[in-house]
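Note sheet for the following structure.
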Amino acid sequence: MKKKAIISGVTGQDGSYMAELLLSKGYELHGLMRRLSSFASGRIDHLFSNPHFHTYHADLTDSPSLSGIISKVKPDEFYNLGAMSHVKVSFEVPQYTLETNTVGVLNVLEILRTLSPKTKFYQASSSEMFGVPGVPPPFNETTPMNPQSPYGVAKLAAFHLTKQYRDGYGMFATTGILFNHESPRRGGTFVTKKVSQAVARIKHGMQDSLVLGNLDAKRDWGWSPEFVEAIHLIMQQKKPDVYVVATGETHTIKEFVEEAFAHVGLDWKKYVKTDKRYIRPNEVPLLLGDASKIKKIGWKPKMKFKDIVHAMIDYDMAHPHDN
Ligand SMILES: NC(=O)c1ccc[n+]([C@@H]2O[C@H](COP(=O)([O-])OP(=O)(O)OC[C@H]3O[C@@H](n4cnc5c(N)ncnc54)[C@H](OP(=O)(O)O)[C@@H]3O)[C@@H](O)[C@H]2O)c1
């Protein structure tokens, strides 16, 4: 019997890599997509011809859509990767962020509890939950959490809800606290992709400059295709738990920018400007993870910071017209 999985957020960066991973492992896969006014399926278009891949319109804020699909599929595993995933935008749409990233998680947990309690549930938690924890890095599963954005607050509430369903109802409700992870499929509004696309367009003569916010923020950047392998591993454990997924290295945004421009032979200082418009009301100056716990169950990061930057630039150099 094929294992059955549902992925929310299947059109996103992680959702698309997770879909590829699960199909390669022989799953029957069911992906949830939002109805939008234009197509957002570019990252999964190549999967539609696979007879084991099915998609549905659903929204995490719309319980009837979720319960219909869950009761029909009765999945072995539910990967909750859907979210309003942009930290800066969460200050602009805080209510929607909480509705999607917290109430949406509650909707799925409650439907699973009543309709399919044996389904394993994975919640996509985030290093933004740590915010400014008041203790020195690196941050692990026991580090205090002090989020600095509506996104971080919403993810932290969802993290606690997941724990409550795990402890209170005995459900397999598990989670990974993932530090930033990137790829050529990263959305264009995220700083890494904004940089890689701008570098390619500047090099191709399609753009003159790049405007960014805080260049001093430090992040622990990993590789999305490896991080979805960690998520799958977390779901295959005997017991639900909490795992930090990180590389254990931190770099400033300025370092990312320098490396990106240097990769195509340009000096970043000639092209990059900063503007207060891109500064968040509350900043998280530094994120650095300690992934010792997940390393003990067999996962470790392989892609190095420079290779991640180069892979993103190489893709955008070859596809400078992509959005
Ligand atoms: N990437 C990271 O560095 C990182 C780190 C820690 C945690 N996370 C979390 O990991 C998950 C995957 O991240 P990602 O980088 O793949 O994000 P992403 O590329 O922005 O994908 C988010 C997905 O969620 C969907 N979505 C948004 N609102 C929804 C709603 N109301 N109902 C149903 N689906 C909705 C999006 O659909 P559309 O395509 O229609 O917009 C998209 O498919 C997210 O939960 C994110 O918060 C990411």
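Ordering of the structure tokens sets the chain letters (A, B, ...), residue numbers begin anew at 1 in every chain, and ligands are numbered from 1 in the order given.
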
Q) What residues in range 24-210 of chain A get the DSSP label helix (DSSP H, G or I)? Please answer as a count of residues only. A) 79

**Q.** Residue list (strand (DSSP E or B), DSSP) for range 41-198 of chain A, as a ChimeraX atom specification
**A.** /A:53-57,77-80,120-126,131,139,146,173-178,181-182

Suppose we keep N, CA and C atoms; can you now write the selection as a compact mmCIF listing (two decimals), in the first residue's frame?
# COMPACT_ATOMS: atom_id res chain seq x y z
N PHE A 53 -0.05 12.29 -8.15
CA PHE A 53 -0.10 13.65 -7.60
C PHE A 53 -1.47 14.26 -7.87
N HIS A 54 -2.17 14.68 -6.79
CA HIS A 54 -3.51 15.23 -6.91
C HIS A 54 -3.53 16.59 -6.23
N THR A 55 -4.25 17.54 -6.79
CA THR A 55 -4.32 18.85 -6.13
C THR A 55 -5.78 19.26 -5.90
N TYR A 56 -5.95 20.11 -4.91
CA TYR A 56 -7.29 20.56 -4.51
C TYR A 56 -7.20 22.05 -4.17
N HIS A 57 -8.28 22.76 -4.36
CA HIS A 57 -8.35 24.12 -3.82
C HIS A 57 -8.74 24.04 -2.36
N GLU A 77 0.13 11.01 6.56
CA GLU A 77 0.96 12.14 7.00
C GLU A 77 0.38 13.44 6.45
N PHE A 78 0.40 14.48 7.28
CA PHE A 78 -0.03 15.81 6.85
C PHE A 78 1.13 16.77 7.11
N TYR A 79 1.67 17.34 6.04
CA TYR A 79 2.78 18.30 6.15
C TYR A 79 2.20 19.70 6.05
N ASN A 80 2.19 20.43 7.16
CA ASN A 80 1.60 21.77 7.14
C ASN A 80 2.67 22.82 6.82
N LYS A 120 -0.19 11.42 11.04
CA LYS A 120 0.95 12.16 11.59
C LYS A 120 0.91 13.59 11.05
N PHE A 121 1.16 14.55 11.93
CA PHE A 121 1.07 15.97 11.55
C PHE A 121 2.42 16.65 11.75
N TYR A 122 2.89 17.36 10.72
CA TYR A 122 4.13 18.14 10.85
C TYR A 122 3.79 19.63 10.78
N GLN A 123 4.26 20.39 11.76
CA GLN A 123 4.08 21.84 11.74
C GLN A 123 5.40 22.53 11.42
N ALA A 124 5.34 23.44 10.43
CA ALA A 124 6.54 24.18 9.99
C ALA A 124 6.80 25.34 10.95
N SER A 125 7.57 25.08 11.99
CA SER A 125 7.92 26.15 12.94
C SER A 125 9.16 26.88 12.42
N SER A 126 9.42 28.05 13.02
CA SER A 126 10.44 28.94 12.45
C SER A 126 11.38 29.50 13.51
N GLY A 131 13.34 35.12 17.97
CA GLY A 131 13.42 36.57 17.98
C GLY A 131 14.70 37.05 18.66
N PHE A 139 21.04 28.82 19.13
CA PHE A 139 19.74 28.53 19.73
C PHE A 139 19.35 27.08 19.45
N ASN A 146 11.28 34.70 22.20
CA ASN A 146 10.84 36.08 22.36
C ASN A 146 10.68 36.71 20.97
N ALA A 173 1.87 14.84 16.63
CA ALA A 173 1.97 16.23 16.17
C ALA A 173 3.40 16.67 16.44
N THR A 174 4.18 16.75 15.38
CA THR A 174 5.62 16.94 15.52
C THR A 174 6.02 18.25 14.84
N THR A 175 7.24 18.71 15.13
CA THR A 175 7.63 19.99 14.53
C THR A 175 9.13 20.13 14.36
N GLY A 176 9.50 20.90 13.34
CA GLY A 176 10.89 21.31 13.16
C GLY A 176 10.95 22.82 13.28
N ILE A 177 11.96 23.30 14.02
CA ILE A 177 12.18 24.75 14.07
C ILE A 177 13.25 25.04 13.02
N LEU A 178 12.79 25.45 11.85
CA LEU A 178 13.74 25.60 10.74
C LEU A 178 14.30 27.02 10.69
N HIS A 181 16.06 28.97 5.00
CA HIS A 181 16.59 28.09 3.96
C HIS A 181 16.12 28.58 2.60
N GLU A 182 17.01 28.45 1.67
CA GLU A 182 16.90 29.15 0.39
C GLU A 182 17.03 28.17 -0.76

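By only C-alpha atoms, and with residues fewer than 4 positions from Gly248 in chain A along its chain excluded, the set lying at most 8 Å from it is Pro138, Asp220, Leu288, Gly289, Asp290 and Ala291 of chain A.
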
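Of the listed residues A:Tyr96, A:Phe227, A:Phe159, A:Phe48, the one whose atoms come nearest to Leu23 in chain A is A:Phe48, with distances taken using only C-alpha atoms.
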
Q.
Using only C-alpha atoms, which protein or nucleic acid residues come within 12 Å of Thr252 in chain A? Drop anything in the same chain fewer than 3 positions from it, and give the result as a list in words.
A. Val191, Thr192, Asn214, Leu215, Asp216, Ala217, Lys218, Arg219, Asp220, Trp221, Glu249, Glu255, Phe256, Val257, Glu258, Glu259, Val284, Pro285, Leu286, Leu287, Leu288 and Phe305 of chain A

**Q.** Distance query Asp14 in chain A at most 10 Å, only C-alpha atoms, self and fewer than 2 positions along chain excluded, as a list in words
**A.** Ile7, Gly9, Val10, Thr11, Gly12, Ser16, Tyr17, Met18, Ala19, Glu20, Arg43, Leu81, Gly82, Ala124, His181, Glu182, Ser183, Arg185, Arg186, Ser224, Pro225, Glu226, Phe227, Val228 and Ile231 of chain A

Prev. selection, N, CA and C atoms, output as a PDB file, in the first residue's frame:
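Result file is part03.pdb:
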ATOM      1  N   ILE A   7       0.040  17.768   1.574  1.00  0.00           N
ATOM      2  CA  ILE A   7       0.930  18.912   1.811  1.00  0.00           C
ATOM      3  C   ILE A   7       0.108  20.188   1.657  1.00  0.00           C
ATOM      4  N   GLY A   9       0.429  24.262   1.263  1.00  0.00           N
ATOM      5  CA  GLY A   9       1.530  25.098   0.770  1.00  0.00           C
ATOM      6  C   GLY A   9       2.358  24.397  -0.291  1.00  0.00           C
ATOM      7  N   VAL A  10       1.721  23.512  -1.060  1.00  0.00           N
ATOM      8  CA  VAL A  10       2.475  22.719  -2.049  1.00  0.00           C
ATOM      9  C   VAL A  10       3.043  23.590  -3.172  1.00  0.00           C
ATOM     10  N   THR A  11       2.454  24.772  -3.377  1.00  0.00           N
ATOM     11  CA  THR A  11       2.961  25.661  -4.438  1.00  0.00           C
ATOM     12  C   THR A  11       4.174  26.472  -3.978  1.00  0.00           C
ATOM     13  N   GLY A  12       4.521  26.397  -2.695  1.00  0.00           N
ATOM     14  CA  GLY A  12       5.617  27.200  -2.159  1.00  0.00           C
ATOM     15  C   GLY A  12       6.978  26.554  -2.385  1.00  0.00           C
ATOM     16  N   SER A  16       7.048  22.503  -2.810  1.00  0.00           N
ATOM     17  CA  SER A  16       7.377  21.906  -4.115  1.00  0.00           C
ATOM     18  C   SER A  16       8.508  20.882  -3.976  1.00  0.00           C
ATOM     19  N   TYR A  17       9.522  21.192  -3.153  1.00  0.00           N
ATOM     20  CA  TYR A  17      10.602  20.210  -2.956  1.00  0.00           C
ATOM     21  C   TYR A  17      10.088  18.998  -2.169  1.00  0.00           C
ATOM     22  N   MET A  18       9.191  19.264  -1.200  1.00  0.00           N
ATOM     23  CA  MET A  18       8.634  18.146  -0.428  1.00  0.00           C
ATOM     24  C   MET A  18       7.808  17.239  -1.338  1.00  0.00           C
ATOM     25  N   ALA A  19       7.057  17.849  -2.251  1.00  0.00           N
ATOM     26  CA  ALA A  19       6.251  17.051  -3.191  1.00  0.00           C
ATOM     27  C   ALA A  19       7.164  16.151  -4.025  1.00  0.00           C
ATOM     28  N   GLU A  20       8.249  16.716  -4.533  1.00  0.00           N
ATOM     29  CA  GLU A  20       9.192  15.902  -5.332  1.00  0.00           C
ATOM     30  C   GLU A  20       9.763  14.768  -4.489  1.00  0.00           C
ATOM     31  N   ARG A  43       6.080  26.311  -9.561  1.00  0.00           N
ATOM     32  CA  ARG A  43       7.071  25.413  -8.948  1.00  0.00           C
ATOM     33  C   ARG A  43       6.658  23.939  -9.019  1.00  0.00           C
ATOM     34  N   LEU A  81       2.883  23.016   5.534  1.00  0.00           N
ATOM     35  CA  LEU A  81       3.915  23.960   5.078  1.00  0.00           C
ATOM     36  C   LEU A  81       3.302  25.276   4.607  1.00  0.00           C
ATOM     37  N   GLY A  82       1.983  25.356   4.547  1.00  0.00           N
ATOM     38  CA  GLY A  82       1.336  26.591   4.104  1.00  0.00           C
ATOM     39  C   GLY A  82       1.433  27.652   5.181  1.00  0.00           C
ATOM     40  N   ALA A 124       5.344  23.435  10.425  1.00  0.00           N
ATOM     41  CA  ALA A 124       6.537  24.182   9.990  1.00  0.00           C
ATOM     42  C   ALA A 124       6.796  25.344  10.948  1.00  0.00           C
ATOM     43  N   HIS A 181      16.063  28.973   5.002  1.00  0.00           N
ATOM     44  CA  HIS A 181      16.590  28.085   3.964  1.00  0.00           C
ATOM     45  C   HIS A 181      16.123  28.580   2.601  1.00  0.00           C
ATOM     46  N   GLU A 182      17.008  28.448   1.672  1.00  0.00           N
ATOM     47  CA  GLU A 182      16.899  29.147   0.387  1.00  0.00           C
ATOM     48  C   GLU A 182      17.028  28.166  -0.762  1.00  0.00           C
ATOM     49  N   SER A 183      16.791  28.681  -1.958  1.00  0.00           N
ATOM     50  CA  SER A 183      16.955  27.889  -3.182  1.00  0.00           C
ATOM     51  C   SER A 183      16.578  28.801  -4.339  1.00  0.00           C
ATOM     52  N   ARG A 185      14.053  28.493  -5.914  1.00  0.00           N
ATOM     53  CA  ARG A 185      12.589  28.592  -5.847  1.00  0.00           C
ATOM     54  C   ARG A 185      12.105  29.542  -4.750  1.00  0.00           C
ATOM     55  N   ARG A 186      12.986  30.198  -4.042  1.00  0.00           N
ATOM     56  CA  ARG A 186      12.599  31.154  -3.008  1.00  0.00           C
ATOM     57  C   ARG A 186      11.762  32.257  -3.644  1.00  0.00           C
ATOM     58  N   SER A 224      17.071  24.571   0.910  1.00  0.00           N
ATOM     59  CA  SER A 224      15.712  24.038   1.059  1.00  0.00           C
ATOM     60  C   SER A 224      15.581  22.544   0.717  1.00  0.00           C
ATOM     61  N   PRO A 225      16.157  22.053  -0.414  1.00  0.00           N
ATOM     62  CA  PRO A 225      15.989  20.619  -0.700  1.00  0.00           C
ATOM     63  C   PRO A 225      16.528  19.723   0.415  1.00  0.00           C
ATOM     64  N   GLU A 226      17.566  20.176   1.128  1.00  0.00           N
ATOM     65  CA  GLU A 226      18.071  19.388   2.272  1.00  0.00           C
ATOM     66  C   GLU A 226      17.158  19.531   3.486  1.00  0.00           C
ATOM     67  N   PHE A 227      16.565  20.709   3.642  1.00  0.00           N
ATOM     68  CA  PHE A 227      15.712  20.931   4.816  1.00  0.00           C
ATOM     69  C   PHE A 227      14.411  20.122   4.717  1.00  0.00           C
ATOM     70  N   VAL A 228      13.891  19.907   3.487  1.00  0.00           N
ATOM     71  CA  VAL A 228      12.687  19.060   3.404  1.00  0.00           C
ATOM     72  C   VAL A 228      13.027  17.595   3.704  1.00  0.00           C
ATOM     73  N   ILE A 231      12.656  17.418   7.347  1.00  0.00           N
ATOM     74  CA  ILE A 231      11.236  17.371   7.735  1.00  0.00           C
ATOM     75  C   ILE A 231      10.713  15.937   7.597  1.00  0.00           C
TER      76      ILE A 231
END

Q.
Using only C-alpha atoms and all ligand atoms, can you tell me which of A:Gln148, A:Thr97, A:Ser85, A:Thr102 comes closest to ligand 1?
A.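 Answer, going by the shortest atom-to-atom distance: A:Ser85.
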
Show which residues sit within 12 Å of Lys295 in chain A, as an mmCIF file with N, CA, C and O atoms, in the first residue's frame. Count only C-alpha atoms, and ignore same-chain residues fewer than 2 positions away.
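around_36.cif was written with the following content:
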data_model
loop_
_atom_site.group_PDB
_atom_site.id
_atom_site.type_symbol
_atom_site.label_atom_id
_atom_site.label_comp_id
_atom_site.auth_asym_id
_atom_site.auth_seq_id
_atom_site.Cartn_x
_atom_site.Cartn_y
_atom_site.Cartn_z
ATOM 1 N N ALA A 230 15.061 16.808 6.071
ATOM 2 C CA ALA A 230 15.007 16.821 7.542
ATOM 3 C C ALA A 230 13.564 16.700 8.023
ATOM 4 O O ALA A 230 13.261 15.959 8.967
ATOM 5 N N LEU A 233 12.405 13.180 7.704
ATOM 6 C CA LEU A 233 13.030 12.357 8.748
ATOM 7 C C LEU A 233 12.317 12.549 10.103
ATOM 8 O O LEU A 233 12.070 11.580 10.839
ATOM 9 N N ILE A 234 11.990 13.800 10.403
ATOM 10 C CA ILE A 234 11.285 14.106 11.662
ATOM 11 C C ILE A 234 9.952 13.347 11.706
ATOM 12 O O ILE A 234 9.551 12.815 12.745
ATOM 13 N N TYR A 243 12.573 19.535 16.785
ATOM 14 C CA TYR A 243 13.965 19.504 16.302
ATOM 15 C C TYR A 243 14.333 20.844 15.659
ATOM 16 O O TYR A 243 13.597 21.325 14.787
ATOM 17 N N VAL A 244 15.468 21.385 16.059
ATOM 18 C CA VAL A 244 16.036 22.534 15.346
ATOM 19 C C VAL A 244 16.726 22.029 14.083
ATOM 20 O O VAL A 244 17.469 21.038 14.120
ATOM 21 N N VAL A 245 16.456 22.704 12.957
ATOM 22 C CA VAL A 245 17.113 22.369 11.684
ATOM 23 C C VAL A 245 17.860 23.634 11.230
ATOM 24 O O VAL A 245 17.236 24.672 10.966
ATOM 25 N N ALA A 246 19.178 23.538 11.196
ATOM 26 C CA ALA A 246 20.008 24.718 10.935
ATOM 27 C C ALA A 246 21.365 24.260 10.424
ATOM 28 O O ALA A 246 21.700 23.077 10.487
ATOM 29 N N THR A 247 22.162 25.221 9.916
ATOM 30 C CA THR A 247 23.506 24.855 9.451
ATOM 31 C C THR A 247 24.564 25.053 10.521
ATOM 32 O O THR A 247 25.655 24.493 10.436
ATOM 33 N N GLY A 248 24.271 25.931 11.524
ATOM 34 C CA GLY A 248 25.278 26.229 12.543
ATOM 35 C C GLY A 248 26.284 27.286 12.118
ATOM 36 O O GLY A 248 27.317 27.481 12.768
ATOM 37 N N ASP A 290 21.549 25.549 16.561
ATOM 38 C CA ASP A 290 22.337 24.394 17.010
ATOM 39 C C ASP A 290 21.523 23.141 16.668
ATOM 40 O O ASP A 290 20.526 22.834 17.335
ATOM 41 N N ALA A 291 21.949 22.427 15.623
ATOM 42 C CA ALA A 291 21.174 21.281 15.119
ATOM 43 C C ALA A 291 21.663 19.946 15.684
ATOM 44 O O ALA A 291 21.452 18.900 15.074
ATOM 45 N N SER A 292 22.290 19.974 16.870
ATOM 46 C CA SER A 292 22.856 18.735 17.432
ATOM 47 C C SER A 292 21.814 17.621 17.561
ATOM 48 O O SER A 292 22.120 16.453 17.321
ATOM 49 N N LYS A 293 20.591 17.995 17.934
ATOM 50 C CA LYS A 293 19.578 16.955 18.204
ATOM 51 C C LYS A 293 19.197 16.202 16.922
ATOM 52 O O LYS A 293 19.173 14.969 16.914
ATOM 53 N N ILE A 297 19.780 11.904 14.890
ATOM 54 C CA ILE A 297 18.886 10.939 14.211
ATOM 55 C C ILE A 297 19.228 10.827 12.722
ATOM 56 O O ILE A 297 18.481 10.232 11.950
ATOM 57 N N GLY A 298 20.356 11.445 12.307
ATOM 58 C CA GLY A 298 20.851 11.126 10.967
ATOM 59 C C GLY A 298 20.760 12.201 9.913
ATOM 60 O O GLY A 298 20.934 11.917 8.732
ATOM 61 N N TRP A 299 20.486 13.464 10.299
ATOM 62 C CA TRP A 299 20.468 14.530 9.279
ATOM 63 C C TRP A 299 21.621 15.490 9.517
ATOM 64 O O TRP A 299 21.932 15.810 10.669
ATOM 65 N N LYS A 300 22.262 15.924 8.452
ATOM 66 C CA LYS A 300 23.205 17.039 8.608
ATOM 67 C C LYS A 300 23.244 17.864 7.325
ATOM 68 O O LYS A 300 23.015 17.331 6.226
ATOM 69 N N PRO A 301 23.494 19.174 7.469
ATOM 70 C CA PRO A 301 23.508 20.022 6.275
ATOM 71 C C PRO A 301 24.763 19.782 5.464
ATOM 72 O O PRO A 301 25.830 19.558 6.028
ATOM 73 N N LYS A 302 24.630 19.828 4.132
ATOM 74 C CA LYS A 302 25.803 19.617 3.282
ATOM 75 C C LYS A 302 26.152 20.878 2.480
ATOM 76 O O LYS A 302 27.314 21.208 2.337
#

**Q.** Neighbour list for Asp316 in chain A as a PyMOL selection string, cut-off 10 Å, only C-alpha atoms, skip fewer than 6 positions in-chain
**A.** chain A and resi 184+193+196-201+310+322-323

For N, CA and C atoms, I'd like the residues from the last selection saved as a PDB file, in the first residue's frame.
ATOM      1  N   PRO A 184      16.778  28.361  -5.571  1.00  0.00           N
ATOM      2  CA  PRO A 184      16.286  29.172  -6.699  1.00  0.00           C
ATOM      3  C   PRO A 184      14.769  29.343  -6.660  1.00  0.00           C
ATOM      4  N   LYS A 193      16.511  36.059  -2.604  1.00  0.00           N
ATOM      5  CA  LYS A 193      16.064  35.959  -4.001  1.00  0.00           C
ATOM      6  C   LYS A 193      16.050  37.341  -4.646  1.00  0.00           C
ATOM      7  N   SER A 196      19.625  37.782  -5.611  1.00  0.00           N
ATOM      8  CA  SER A 196      20.099  36.949  -6.730  1.00  0.00           C
ATOM      9  C   SER A 196      19.466  37.388  -8.043  1.00  0.00           C
ATOM     10  N   GLN A 197      18.166  37.764  -8.003  1.00  0.00           N
ATOM     11  CA  GLN A 197      17.516  38.227  -9.237  1.00  0.00           C
ATOM     12  C   GLN A 197      18.105  39.555  -9.693  1.00  0.00           C
ATOM     13  N   ALA A 198      18.354  40.454  -8.727  1.00  0.00           N
ATOM     14  CA  ALA A 198      18.901  41.765  -9.096  1.00  0.00           C
ATOM     15  C   ALA A 198      20.295  41.614  -9.684  1.00  0.00           C
ATOM     16  N   VAL A 199      21.119  40.762  -9.109  1.00  0.00           N
ATOM     17  CA  VAL A 199      22.480  40.553  -9.624  1.00  0.00           C
ATOM     18  C   VAL A 199      22.404  40.081 -11.079  1.00  0.00           C
ATOM     19  N   ALA A 200      21.523  39.126 -11.340  1.00  0.00           N
ATOM     20  CA  ALA A 200      21.405  38.596 -12.711  1.00  0.00           C
ATOM     21  C   ALA A 200      20.924  39.690 -13.662  1.00  0.00           C
ATOM     22  N   ARG A 201      19.944  40.470 -13.219  1.00  0.00           N
ATOM     23  CA  ARG A 201      19.388  41.508 -14.111  1.00  0.00           C
ATOM     24  C   ARG A 201      20.387  42.636 -14.332  1.00  0.00           C
ATOM     25  N   HIS A 310      25.835  30.805  -4.891  1.00  0.00           N
ATOM     26  CA  HIS A 310      26.192  30.581  -6.296  1.00  0.00           C
ATOM     27  C   HIS A 310      25.062  29.865  -7.043  1.00  0.00           C
ATOM     28  N   ASP A 322      12.456  35.502 -15.188  1.00  0.00           N
ATOM     29  CA  ASP A 322      11.516  34.914 -14.219  1.00  0.00           C
ATOM     30  C   ASP A 322      11.084  35.975 -13.219  1.00  0.00           C
ATOM     31  N   ASN A 323       9.842  35.836 -12.688  1.00  0.00           N
ATOM     32  CA  ASN A 323       9.412  36.751 -11.615  1.00  0.00           C
ATOM     33  C   ASN A 323       9.969  36.305 -10.285  1.00  0.00           C
TER      34      ASN A 323
END
